[in-house]
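Raw coords_38.txt, compact mmCIF, C-alpha atoms:
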# COMPACT_ATOMS: atom_id res chain seq x y z
CA MET A 1 -27.61 57.67 204.47
CA THR A 2 -28.95 60.93 205.70
CA PRO A 3 -32.65 61.44 206.36
CA ALA A 4 -32.79 63.78 203.34
CA GLU A 5 -31.27 61.13 201.06
CA ILE A 6 -33.72 58.53 202.35
CA ALA A 7 -36.63 60.92 201.78
CA ALA A 8 -35.42 61.60 198.22
CA LEU A 9 -35.24 57.86 197.46
CA GLU A 10 -38.69 57.27 198.93
CA SER A 11 -40.04 60.08 196.77
CA LYS A 12 -38.57 58.48 193.67
CA MET A 13 -40.09 55.14 194.65
CA ASP A 14 -43.47 56.83 195.01
CA ASP A 15 -43.11 57.92 191.38
CA ILE A 16 -42.11 54.44 190.22
CA ARG A 17 -44.71 52.35 192.07
CA PRO A 18 -47.67 53.35 189.86
CA LEU A 19 -45.66 52.51 186.74
CA LEU A 20 -44.76 49.09 188.12
CA ALA A 21 -48.38 48.43 189.02
CA GLU A 22 -49.43 49.43 185.51
CA ALA A 23 -46.85 47.09 183.96
CA ASP A 24 -48.00 44.24 186.19
CA ASP A 25 -51.63 44.86 185.20
CA LEU A 26 -50.65 44.84 181.53
CA TYR A 27 -48.86 41.51 181.86
CA ARG A 28 -51.84 40.00 183.73
CA THR A 29 -54.20 41.24 181.02
CA VAL A 30 -52.03 39.79 178.26
CA ALA A 31 -51.83 36.48 180.13
CA THR A 32 -55.62 36.38 180.56
CA VAL A 33 -56.41 37.25 176.96
CA LEU A 34 -53.84 34.87 175.52
CA ALA A 35 -54.36 32.05 178.02
CA PRO A 36 -56.13 29.81 175.49
CA VAL A 37 -53.31 30.25 172.98
CA ILE A 38 -50.73 29.63 175.68
CA LEU A 39 -52.54 26.50 176.89
CA ILE A 40 -53.48 24.89 173.58
CA GLY A 41 -50.70 26.30 171.45
CA PRO A 42 -47.40 24.60 170.88
CA GLN A 43 -44.93 24.33 173.74
CA SER A 44 -42.91 27.16 172.19
CA VAL A 45 -45.66 29.66 173.09
CA ALA A 46 -45.63 28.61 176.74
CA GLN A 47 -41.83 28.69 176.76
CA HIS A 48 -41.82 32.22 175.34
CA VAL A 49 -44.28 33.32 178.04
CA TYR A 50 -41.96 31.85 180.67
CA ASP A 51 -38.92 33.55 179.09
CA MET A 52 -40.74 36.87 178.93
CA GLN A 53 -41.84 36.68 182.56
CA ALA A 54 -38.37 35.66 183.73
CA ALA A 55 -36.77 38.55 181.86
CA TYR A 56 -39.35 40.98 183.25
CA GLU A 57 -38.75 39.80 186.80
CA SER A 58 -34.97 40.02 186.41
CA ASP A 59 -35.15 43.59 185.03
CA ASP A 60 -33.23 42.55 181.92
CA ASP A 61 -34.60 44.94 179.30
CA ASP A 62 -32.62 43.40 176.44
CA ALA A 63 -33.78 39.86 177.23
CA LEU A 64 -37.33 41.12 177.75
CA GLY A 65 -37.37 42.76 174.33
CA LYS A 66 -36.10 39.59 172.67
CA ALA A 67 -38.56 37.42 174.60
CA GLU A 68 -41.47 39.69 173.65
CA VAL A 69 -40.57 39.48 169.96
CA ALA A 70 -40.23 35.69 170.14
CA PHE A 71 -43.55 35.41 171.99
CA ARG A 72 -45.32 37.68 169.53
CA ASP A 73 -43.97 35.71 166.59
CA SER A 74 -45.02 32.38 168.08
CA VAL A 75 -48.54 33.64 168.84
CA ARG A 76 -48.89 35.01 165.31
CA LYS A 77 -47.86 31.63 163.95
CA VAL A 78 -50.44 29.82 166.09
CA LEU A 79 -53.22 32.28 165.28
CA GLY A 80 -52.32 32.15 161.59
CA ALA A 81 -52.90 28.41 161.65
CA PHE A 82 -56.57 29.03 162.51
CA ARG A 83 -57.24 31.13 159.41

As a first step, turn the structure in this file into structure tokens.
Amino acid sequence: MTPAEIAALESKMDDIRPLLAEADDLYRTVATVLAPVILIGPQSVAQHVYDMQAAYESDDDDALGKAEVAFRDSVRKVLGAFR
């Protein structure tokens, strides 16, 4: 790679880093807020959290979308039981 190509890639990474940090903060916030549900809810909630985190870490957008829907549905089910 040429120095110019390396500089261009580093510039793109500088643009991406804040977005990644924001996504990480969002996932930490969700984990903190939903920790009681994850801990006391059925095993399916914890499994969906694990699936969602694994998909996020593997950069699999399709799997992440499916895991998020499954997680959301399981949390709604748990929270609905408390009504």

Handout entry: Residue among A:Leu26, A:Leu19, A:Val78, A:Val49 lying closest to Leu64 of chain A, counting only C-alpha atoms
Key = A:Val49

Problem - Contact residues around segment 30-34 of chain A with all atoms listed in the file at 12 Å, ignoring same-chain residues under 3 positions, as a list of chain:residue names - result: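 Those residues are A:Ala23, A:Asp24, A:Asp25, A:Leu26, A:Tyr27, A:Val37, A:Ile38, A:Leu39, A:Ile40, A:Gly41, A:Val45, A:Ala46, A:His48, A:Val49, A:Tyr50, A:Met52, A:Gln53, A:Glu68, A:Phe71, A:Arg72, A:Ser74, A:Val75, A:Arg76, A:Val78, A:Leu79.
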
Practice task
Provide the atom CA of Asp51 of chain A to atom CA of Ala70 of chain A distance in Å, to one decimal place.
Solution key: 9.3 Å

Problem - For Glu57 of chain A, the nearest of the candidates A:Met13, A:Val69, A:Leu20, A:Met1, counting only C-alpha atoms - result: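 When distances to Glu57 of chain A are compared using only C-alpha atoms, the smallest one comes from A:Leu20.
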
Could you put an axis-aligned box around every listed atom of segment 55-65 of chain A, padded by 8 Å on each side, and send me its centre and edge lengths in Å to one decimal, as lines of an AutoDock Vina configuration file?
center_x = -36.0
center_y = 41.7
center_z = 180.6
size_x = 22.7
size_y = 22.4
size_z = 28.5

Exercise for the section: Calculate how many Å separate atom CA of Asp59 of chain A from atom CA of Ala7 of chain A, rounding to one decimal. Expected result: 24.1 Å

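Minimum distance to Gln47 of chain A across A:Ala8, A:Glu22, A:Lys77, A:Ala67 (counting only C-alpha atoms) occurs at A:Ala67.
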
Problem - Length of the atom CA of Arg28 of chain A to atom CA of Asp62 of chain A vector [Å] - result: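 That distance, rounded to one decimal, is 20.8 Å.
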
Where atoms are lacking, segment 19-30 of chain A completed to all heavy atoms, as a PDB file, keeping the file's coordinate frame:
ATOM      1  N   LEU A  19     -46.099  53.061 188.026  1.00  0.00           N
ATOM      2  CA  LEU A  19     -45.660  52.510 186.740  1.00  0.00           C
ATOM      3  C   LEU A  19     -45.480  50.996 186.832  1.00  0.00           C
ATOM      4  O   LEU A  19     -45.842  50.263 185.906  1.00  0.00           O
ATOM      5  CB  LEU A  19     -44.360  53.171 186.295  1.00  0.00           C
ATOM      6  CG  LEU A  19     -44.441  54.676 186.030  1.00  0.00           C
ATOM      7  CD1 LEU A  19     -43.062  55.245 185.749  1.00  0.00           C
ATOM      8  CD2 LEU A  19     -45.394  54.960 184.888  1.00  0.00           C
ATOM      9  N   LEU A  20     -44.919  50.536 187.931  1.00  0.00           N
ATOM     10  CA  LEU A  20     -44.760  49.090 188.120  1.00  0.00           C
ATOM     11  C   LEU A  20     -46.109  48.397 188.210  1.00  0.00           C
ATOM     12  O   LEU A  20     -46.304  47.326 187.632  1.00  0.00           O
ATOM     13  CB  LEU A  20     -43.931  48.808 189.377  1.00  0.00           C
ATOM     14  CG  LEU A  20     -42.469  49.208 189.326  1.00  0.00           C
ATOM     15  CD1 LEU A  20     -41.814  49.002 190.686  1.00  0.00           C
ATOM     16  CD2 LEU A  20     -41.734  48.430 188.253  1.00  0.00           C
ATOM     17  N   ALA A  21     -47.043  49.008 188.906  1.00  0.00           N
ATOM     18  CA  ALA A  21     -48.380  48.430 189.020  1.00  0.00           C
ATOM     19  C   ALA A  21     -49.052  48.370 187.647  1.00  0.00           C
ATOM     20  O   ALA A  21     -49.716  47.379 187.310  1.00  0.00           O
ATOM     21  CB  ALA A  21     -49.229  49.238 189.991  1.00  0.00           C
ATOM     22  N   GLU A  22     -48.858  49.410 186.852  1.00  0.00           N
ATOM     23  CA  GLU A  22     -49.430  49.430 185.510  1.00  0.00           C
ATOM     24  C   GLU A  22     -48.823  48.336 184.639  1.00  0.00           C
ATOM     25  O   GLU A  22     -49.535  47.642 183.902  1.00  0.00           O
ATOM     26  CB  GLU A  22     -49.155  50.807 184.884  1.00  0.00           C
ATOM     27  CG  GLU A  22     -50.107  51.201 183.802  1.00  0.00           C
ATOM     28  CD  GLU A  22     -49.873  52.638 183.372  1.00  0.00           C
ATOM     29  OE1 GLU A  22     -50.040  53.544 184.202  1.00  0.00           O
ATOM     30  OE2 GLU A  22     -49.519  52.819 182.203  1.00  0.00           O
ATOM     31  N   ALA A  23     -47.515  48.152 184.733  1.00  0.00           N
ATOM     32  CA  ALA A  23     -46.850  47.090 183.960  1.00  0.00           C
ATOM     33  C   ALA A  23     -47.341  45.720 184.401  1.00  0.00           C
ATOM     34  O   ALA A  23     -47.600  44.851 183.564  1.00  0.00           O
ATOM     35  CB  ALA A  23     -45.338  47.199 184.123  1.00  0.00           C
ATOM     36  N   ASP A  24     -47.488  45.523 185.698  1.00  0.00           N
ATOM     37  CA  ASP A  24     -48.000  44.240 186.190  1.00  0.00           C
ATOM     38  C   ASP A  24     -49.409  43.988 185.692  1.00  0.00           C
ATOM     39  O   ASP A  24     -49.745  42.865 185.295  1.00  0.00           O
ATOM     40  CB  ASP A  24     -47.967  44.205 187.723  1.00  0.00           C
ATOM     41  CG  ASP A  24     -46.564  44.078 188.282  1.00  0.00           C
ATOM     42  OD1 ASP A  24     -45.652  43.664 187.533  1.00  0.00           O
ATOM     43  OD2 ASP A  24     -46.377  44.394 189.474  1.00  0.00           O
ATOM     44  N   ASP A  25     -50.258  45.010 185.715  1.00  0.00           N
ATOM     45  CA  ASP A  25     -51.630  44.860 185.200  1.00  0.00           C
ATOM     46  C   ASP A  25     -51.622  44.507 183.716  1.00  0.00           C
ATOM     47  O   ASP A  25     -52.404  43.668 183.271  1.00  0.00           O
ATOM     48  CB  ASP A  25     -52.422  46.156 185.404  1.00  0.00           C
ATOM     49  CG  ASP A  25     -52.831  46.379 186.841  1.00  0.00           C
ATOM     50  OD1 ASP A  25     -52.761  45.421 187.640  1.00  0.00           O
ATOM     51  OD2 ASP A  25     -53.209  47.523 187.168  1.00  0.00           O
ATOM     52  N   LEU A  26     -50.740  45.134 182.961  1.00  0.00           N
ATOM     53  CA  LEU A  26     -50.650  44.840 181.530  1.00  0.00           C
ATOM     54  C   LEU A  26     -50.260  43.387 181.305  1.00  0.00           C
ATOM     55  O   LEU A  26     -50.863  42.694 180.485  1.00  0.00           O
ATOM     56  CB  LEU A  26     -49.642  45.775 180.865  1.00  0.00           C
ATOM     57  CG  LEU A  26     -49.391  45.517 179.380  1.00  0.00           C
ATOM     58  CD1 LEU A  26     -50.675  45.683 178.572  1.00  0.00           C
ATOM     59  CD2 LEU A  26     -48.313  46.447 178.862  1.00  0.00           C
ATOM     60  N   TYR A  27     -49.272  42.899 182.032  1.00  0.00           N
ATOM     61  CA  TYR A  27     -48.860  41.510 181.860  1.00  0.00           C
ATOM     62  C   TYR A  27     -49.970  40.540 182.275  1.00  0.00           C
ATOM     63  O   TYR A  27     -50.180  39.513 181.633  1.00  0.00           O
ATOM     64  CB  TYR A  27     -47.575  41.217 182.631  1.00  0.00           C
ATOM     65  CG  TYR A  27     -46.361  41.545 181.800  1.00  0.00           C
ATOM     66  CD1 TYR A  27     -45.768  42.794 181.859  1.00  0.00           C
ATOM     67  CD2 TYR A  27     -45.833  40.620 180.915  1.00  0.00           C
ATOM     68  CE1 TYR A  27     -44.677  43.109 181.075  1.00  0.00           C
ATOM     69  CE2 TYR A  27     -44.740  40.921 180.122  1.00  0.00           C
ATOM     70  CZ  TYR A  27     -44.166  42.166 180.211  1.00  0.00           C
ATOM     71  OH  TYR A  27     -43.098  42.470 179.426  1.00  0.00           O
ATOM     72  N   ARG A  28     -50.714  40.864 183.332  1.00  0.00           N
ATOM     73  CA  ARG A  28     -51.840  40.000 183.730  1.00  0.00           C
ATOM     74  C   ARG A  28     -52.917  39.996 182.655  1.00  0.00           C
ATOM     75  O   ARG A  28     -53.489  38.956 182.344  1.00  0.00           O
ATOM     76  CB  ARG A  28     -52.402  40.469 185.066  1.00  0.00           C
ATOM     77  CG  ARG A  28     -51.662  39.913 186.268  1.00  0.00           C
ATOM     78  CD  ARG A  28     -52.453  40.127 187.555  1.00  0.00           C
ATOM     79  NE  ARG A  28     -52.581  41.542 187.892  1.00  0.00           N
ATOM     80  CZ  ARG A  28     -51.656  42.255 188.531  1.00  0.00           C
ATOM     81  NH1 ARG A  28     -50.537  41.687 188.893  1.00  0.00           N
ATOM     82  NH2 ARG A  28     -51.865  43.525 188.812  1.00  0.00           N
ATOM     83  N   THR A  29     -53.187  41.151 182.070  1.00  0.00           N
ATOM     84  CA  THR A  29     -54.200  41.240 181.020  1.00  0.00           C
ATOM     85  C   THR A  29     -53.779  40.419 179.801  1.00  0.00           C
ATOM     86  O   THR A  29     -54.588  39.672 179.242  1.00  0.00           O
ATOM     87  CB  THR A  29     -54.426  42.710 180.611  1.00  0.00           C
ATOM     88  OG1 THR A  29     -54.879  43.419 181.758  1.00  0.00           O
ATOM     89  CG2 THR A  29     -55.441  42.822 179.491  1.00  0.00           C
ATOM     90  N   VAL A  30     -52.532  40.559 179.401  1.00  0.00           N
ATOM     91  CA  VAL A  30     -52.030  39.790 178.260  1.00  0.00           C
ATOM     92  C   VAL A  30     -52.139  38.300 178.565  1.00  0.00           C
ATOM     93  O   VAL A  30     -52.582  37.514 177.721  1.00  0.00           O
ATOM     94  CB  VAL A  30     -50.571  40.183 177.935  1.00  0.00           C
ATOM     95  CG1 VAL A  30     -49.941  39.200 176.962  1.00  0.00           C
ATOM     96  CG2 VAL A  30     -50.535  41.591 177.360  1.00  0.00           C
TER      97      VAL A  30
END
